[in-house]
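*Asks:* The structure under discussion is supplied below as structure tokens; questions concerning it will follow.
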Amino acid sequence: NMPEVQKTPFKKAIDVEIPDDFTNTKRMNILYDAICEIRSNYPDLPIVIGIVGPFTLLGQLLGIERLLKYIKLDYFEVEEALSVVVEALIEFIQKLETLDIDAVVVCEPSASCDLLDHNIFNQLLKGELEYIADETTKTNTILHVCGNTTQIIEDMLTSHYDVISIENVVSLNYVNEMRDKTKSDTLVAGNISTKTLLLGSTSDVHDEVFYALDNGIDILAS
């Protein structure tokens with residue numbers, strides 16, 4: 001599991017800062033050692049590392065409710081704080097790239113349309129996500145956003161990631177329309193319901209999987 005922030009360390013967006021040399025802390029070195037051990041013992045096993053996306057991470061540092069309020073009250077401060085977080089994430093990814101991983105998943109649950117207006121996603125976050133993807137040059141990139149992301153599918157497909165990951169509530173037919181519209185070669189992963197996997201029968205899972213395959217999913221995943 002990813003670490004969780006139990007108490008937000010900052011009260012204002014303008015206060016957000018990243019400790020120097022944070023990529024060499026004890027916690028980080030445990031992760032690097034684990035990656036190296038897996039690579040050594042299982043050389044054919046793909047290693048995919050999930051990281052918290054910039055908006056979600058900023059929400060953890062400030063508190064998501066406070067962050068959403070700040071977007072309306074102090075937009076430019078949020079923009080500046082987001083840039084600080086993005087630079088830190090890029091530094092972390094570039095460290096991971098030296099360890100011969102196969103992919104990085106940028107997980108942005110707090111950027112879901114259930115929380116963040118799609119226009120704000122486009123205006124505030126898309127450019128920063130593109131920057132992360134562009135600076136990740138030695139491994140594959142995957143962008144995951146939770147919930148019904150229909151309103152931001154076009155933005156996700158054009159954010160320079162190798163793969164986007166979507167939930168089952170998003171229509172694959174619509175995703176394919178947007179791929180055609182944008183001429184995007186981005187692969188699409190996901191679309192299998194975790195509820196079906198947890199509570200459904202074998203037949204239910206079979207039907208959902210083959211529906212996704214028949215409708216153009218590239219990588220099956222929950």
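So you can find residues: chains in the structure tokens are A, B, ... in the order shown, residues in each start at 1, and ligands are numbered from 1 in order.
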Output as JSON lines one row per residue of stretch 161-212 of chain A within 7 Å of stretch 127-146 of chain A: the closest atom pair and its distance in Å to one decimal place, counting only C-alpha atoms, sorted by chain and residue number ascending.
*Replies:*
{"residue": "A:Tyr161", "atom": "CA", "partner": "A:Thr141", "partner_atom": "CA", "distance": 5.3}
{"residue": "A:Asp162", "atom": "CA", "partner": "A:Thr141", "partner_atom": "CA", "distance": 5.3}
{"residue": "A:Val163", "atom": "CA", "partner": "A:Ile142", "partner_atom": "CA", "distance": 4.6}
{"residue": "A:Ile164", "atom": "CA", "partner": "A:Leu143", "partner_atom": "CA", "distance": 4.7}
{"residue": "A:Ser165", "atom": "CA", "partner": "A:His144", "partner_atom": "CA", "distance": 4.5}
{"residue": "A:Ile166", "atom": "CA", "partner": "A:His144", "partner_atom": "CA", "distance": 6.3}
{"residue": "A:Glu167", "atom": "CA", "partner": "A:Cys146", "partner_atom": "CA", "distance": 6.5}
*Asks:* Write the residues you've just listed into a file as an mmCIF file, in the first residue's frame, and include N, CA, C and O atoms for each of them.
*Replies:*
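Output file part30.cif is given in full below:
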data_model
loop_
_atom_site.group_PDB
_atom_site.id
_atom_site.type_symbol
_atom_site.label_atom_id
_atom_site.label_comp_id
_atom_site.auth_asym_id
_atom_site.auth_seq_id
_atom_site.Cartn_x
_atom_site.Cartn_y
_atom_site.Cartn_z
ATOM 1 N N TYR A 161 0.768 10.355 -22.017
ATOM 2 C CA TYR A 161 1.041 9.095 -21.327
ATOM 3 C C TYR A 161 0.949 7.922 -22.309
ATOM 4 O O TYR A 161 0.195 7.984 -23.286
ATOM 5 N N ASP A 162 1.692 6.873 -22.016
ATOM 6 C CA ASP A 162 1.623 5.685 -22.865
ATOM 7 C C ASP A 162 0.295 4.962 -22.692
ATOM 8 O O ASP A 162 -0.218 4.354 -23.637
ATOM 9 N N VAL A 163 -0.242 5.011 -21.484
ATOM 10 C CA VAL A 163 -1.478 4.295 -21.148
ATOM 11 C C VAL A 163 -2.321 5.182 -20.243
ATOM 12 O O VAL A 163 -1.784 5.889 -19.384
ATOM 13 N N ILE A 164 -3.650 5.158 -20.429
ATOM 14 C CA ILE A 164 -4.547 5.718 -19.418
ATOM 15 C C ILE A 164 -5.339 4.569 -18.815
ATOM 16 O O ILE A 164 -5.648 3.581 -19.481
ATOM 17 N N SER A 165 -5.636 4.692 -17.529
ATOM 18 C CA SER A 165 -6.375 3.657 -16.811
ATOM 19 C C SER A 165 -7.712 4.240 -16.356
ATOM 20 O O SER A 165 -7.747 5.305 -15.735
ATOM 21 N N ILE A 166 -8.799 3.530 -16.688
ATOM 22 C CA ILE A 166 -10.147 4.045 -16.418
ATOM 23 C C ILE A 166 -10.985 3.004 -15.690
ATOM 24 O O ILE A 166 -10.701 1.812 -15.724
ATOM 25 N N GLU A 167 -12.039 3.486 -15.039
ATOM 26 C CA GLU A 167 -12.952 2.587 -14.344
ATOM 27 C C GLU A 167 -14.044 2.090 -15.296
ATOM 28 O O GLU A 167 -14.205 2.587 -16.418
#
*Asks:* Identify all residues of stretch 31-195 of chain A in strand (DSSP E) (DSSP on the backbone) and supply them as a list in words.
*Replies:*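 Here is the list: Val48, Ile49, Gly50, Ile51, Val52, Ala103, Val104, Val105, Val106, Cys107, Asn140, Thr141, Ile142, Leu143, His144, Val163, Ile164, Ser165, Ile166, Leu187, Val188, Ala189, Gly190 and Asn191 of chain A.
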*Asks:* To one decimal place, how far is atom CA of A:Val16 from atom CA of A:Leu62 in Å?
*Replies:*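 A separation of 8.2 Å between them.
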*Asks:* Could you check which of A:Val86, A:Leu197, A:Ala189, A:Met156 is closest to A:Lys126, using only C-alpha atoms?
*Replies:*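 Closest to A:Lys126, using only C-alpha atoms: A:Met156.
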*Asks:* Of the candidates A:Asn122, A:Ser83, A:Thr23, A:Thr8, which shows the shortest atom-to-atom distance to A:Leu67, using only C-alpha atoms?
*Replies:* A:Thr8
*Asks:* For the helix (DSSP H, G or I) assignment from backbone DSSP, which residues of stretch 2-162 of chain A qualify? Please present them as a JSON list (two decimals) with C-alpha atoms, in the first residue's frame.
*Replies:*
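Below you can see states-v3.json, which holds the result:
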[["chain", "number", "residue", "atom", "x", "y", "z"],
["A", 13, "ALA", "CA", -0.74, 26.45, -0.26],
["A", 14, "ILE", "CA", 2.02, 29.05, -0.23],
["A", 15, "ASP", "CA", 3.73, 27.15, 2.64],
["A", 22, "PHE", "CA", 14.04, 13.63, 0.15],
["A", 23, "THR", "CA", 14.70, 10.86, -2.38],
["A", 24, "ASN", "CA", 17.45, 9.50, -0.12],
["A", 26, "LYS", "CA", 15.32, 5.77, 4.91],
["A", 27, "ARG", "CA", 11.77, 5.11, 3.67],
["A", 28, "MET", "CA", 12.80, 5.70, 0.06],
["A", 29, "ASN", "CA", 15.86, 3.48, 0.34],
["A", 30, "ILE", "CA", 13.70, 0.60, 1.56],
["A", 31, "LEU", "CA", 11.69, 0.95, -1.65],
["A", 32, "TYR", "CA", 14.81, 1.04, -3.83],
["A", 33, "ASP", "CA", 16.21, -2.06, -2.11],
["A", 34, "ALA", "CA", 12.92, -3.90, -2.67],
["A", 35, "ILE", "CA", 12.94, -3.02, -6.38],
["A", 36, "CYS", "CA", 16.52, -4.21, -6.76],
["A", 37, "GLU", "CA", 15.79, -7.46, -4.93],
["A", 38, "ILE", "CA", 12.75, -8.19, -7.11],
["A", 39, "ARG", "CA", 14.71, -7.41, -10.26],
["A", 40, "SER", "CA", 17.54, -9.68, -9.15],
["A", 41, "ASN", "CA", 15.36, -12.63, -8.15],
["A", 54, "PRO", "CA", 0.40, 15.89, -8.04],
["A", 55, "PHE", "CA", -3.13, 17.07, -7.30],
["A", 56, "THR", "CA", -3.83, 14.15, -4.96],
["A", 57, "LEU", "CA", -0.48, 14.63, -3.23],
["A", 58, "LEU", "CA", -1.13, 18.34, -2.77],
["A", 59, "GLY", "CA", -4.51, 17.38, -1.31],
["A", 60, "GLN", "CA", -2.74, 15.13, 1.18],
["A", 61, "LEU", "CA", -0.32, 17.90, 2.15],
["A", 62, "LEU", "CA", -3.04, 20.52, 2.62],
["A", 64, "ILE", "CA", -8.38, 17.87, 0.12],
["A", 65, "GLU", "CA", -11.26, 20.04, 1.41],
["A", 66, "ARG", "CA", -8.87, 22.92, 2.06],
["A", 67, "LEU", "CA", -7.30, 22.48, -1.38],
["A", 68, "LEU", "CA", -10.65, 22.60, -3.15],
["A", 69, "LYS", "CA", -11.50, 25.81, -1.27],
["A", 70, "TYR", "CA", -8.11, 27.33, -2.12],
["A", 71, "ILE", "CA", -8.72, 26.76, -5.83],
["A", 72, "LYS", "CA", -11.55, 29.27, -5.61],
["A", 73, "LEU", "CA", -9.93, 31.64, -3.11],
["A", 75, "TYR", "CA", -5.91, 29.94, -7.34],
["A", 76, "PHE", "CA", -2.42, 31.23, -8.14],
["A", 77, "GLU", "CA", -1.05, 30.01, -4.82],
["A", 78, "VAL", "CA", -2.42, 26.54, -5.60],
["A", 79, "GLU", "CA", -0.85, 26.73, -9.06],
["A", 80, "GLU", "CA", 2.53, 27.55, -7.52],
["A", 81, "ALA", "CA", 2.24, 24.82, -4.86],
["A", 82, "LEU", "CA", 1.31, 22.30, -7.55],
["A", 83, "SER", "CA", 4.47, 23.16, -9.46],
["A", 84, "VAL", "CA", 6.57, 22.52, -6.32],
["A", 85, "VAL", "CA", 4.96, 19.09, -5.90],
["A", 86, "VAL", "CA", 5.44, 18.25, -9.60],
["A", 87, "GLU", "CA", 9.17, 19.01, -9.47],
["A", 88, "ALA", "CA", 9.46, 16.66, -6.48],
["A", 89, "LEU", "CA", 7.57, 13.90, -8.27],
["A", 90, "ILE", "CA", 9.80, 14.24, -11.33],
["A", 91, "GLU", "CA", 12.88, 13.97, -9.12],
["A", 92, "PHE", "CA", 11.44, 10.82, -7.55],
["A", 93, "ILE", "CA", 10.54, 9.27, -10.93],
["A", 94, "GLN", "CA", 14.00, 9.98, -12.32],
["A", 95, "LYS", "CA", 15.48, 8.17, -9.32],
["A", 96, "LEU", "CA", 13.18, 5.21, -9.99],
["A", 97, "GLU", "CA", 14.23, 5.19, -13.65],
["A", 109, "PRO", "CA", -7.98, 9.75, -7.44],
["A", 110, "SER", "CA", -8.61, 13.30, -6.19],
["A", 111, "ALA", "CA", -8.71, 14.59, -9.77],
["A", 118, "HIS", "CA", -13.34, 19.12, -15.62],
["A", 119, "ASN", "CA", -12.53, 22.70, -16.63],
["A", 120, "ILE", "CA", -10.22, 23.05, -13.63],
["A", 121, "PHE", "CA", -8.59, 19.73, -14.56],
["A", 122, "ASN", "CA", -7.83, 21.13, -18.00],
["A", 123, "GLN", "CA", -6.74, 24.55, -16.79],
["A", 124, "LEU", "CA", -4.78, 23.65, -13.64],
["A", 125, "LEU", "CA", -3.67, 20.05, -13.84],
["A", 126, "LYS", "CA", -3.35, 18.84, -17.43],
["A", 127, "GLY", "CA", -0.20, 20.81, -18.19],
["A", 128, "GLU", "CA", 1.50, 19.54, -15.03],
["A", 129, "LEU", "CA", 0.60, 15.93, -15.88],
["A", 130, "GLU", "CA", 2.02, 16.45, -19.37],
["A", 131, "TYR", "CA", 5.23, 17.81, -17.85],
["A", 132, "ILE", "CA", 5.59, 14.69, -15.67],
["A", 133, "ALA", "CA", 5.04, 12.42, -18.68],
["A", 134, "ASP", "CA", 7.50, 14.39, -20.84],
["A", 135, "GLU", "CA", 10.21, 14.26, -18.16],
["A", 150, "THR", "CA", -15.90, 10.78, -19.26],
["A", 151, "GLN", "CA", -15.59, 14.59, -19.21],
["A", 152, "ILE", "CA", -11.78, 14.47, -19.08],
["A", 153, "ILE", "CA", -11.07, 11.47, -21.34],
["A", 154, "GLU", "CA", -9.95, 13.73, -24.16],
["A", 155, "ASP", "CA", -7.55, 15.53, -21.78],
["A", 156, "MET", "CA", -6.24, 12.22, -20.46],
["A", 157, "LEU", "CA", -5.65, 10.85, -23.96]]
*Asks:* Between atom CA of A:Ala103 and atom CA of A:Ile217, what is the distance, to one decimal in Å?
*Replies:* 18.6 Å
*Asks:* Quick one: of A:Val48, A:Val5, A:Ile219, A:Val169, who's nearest to A:Thr194, counting only C-alpha atoms?
*Replies:*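 For A:Thr194, the nearest of the given residues is A:Val169.
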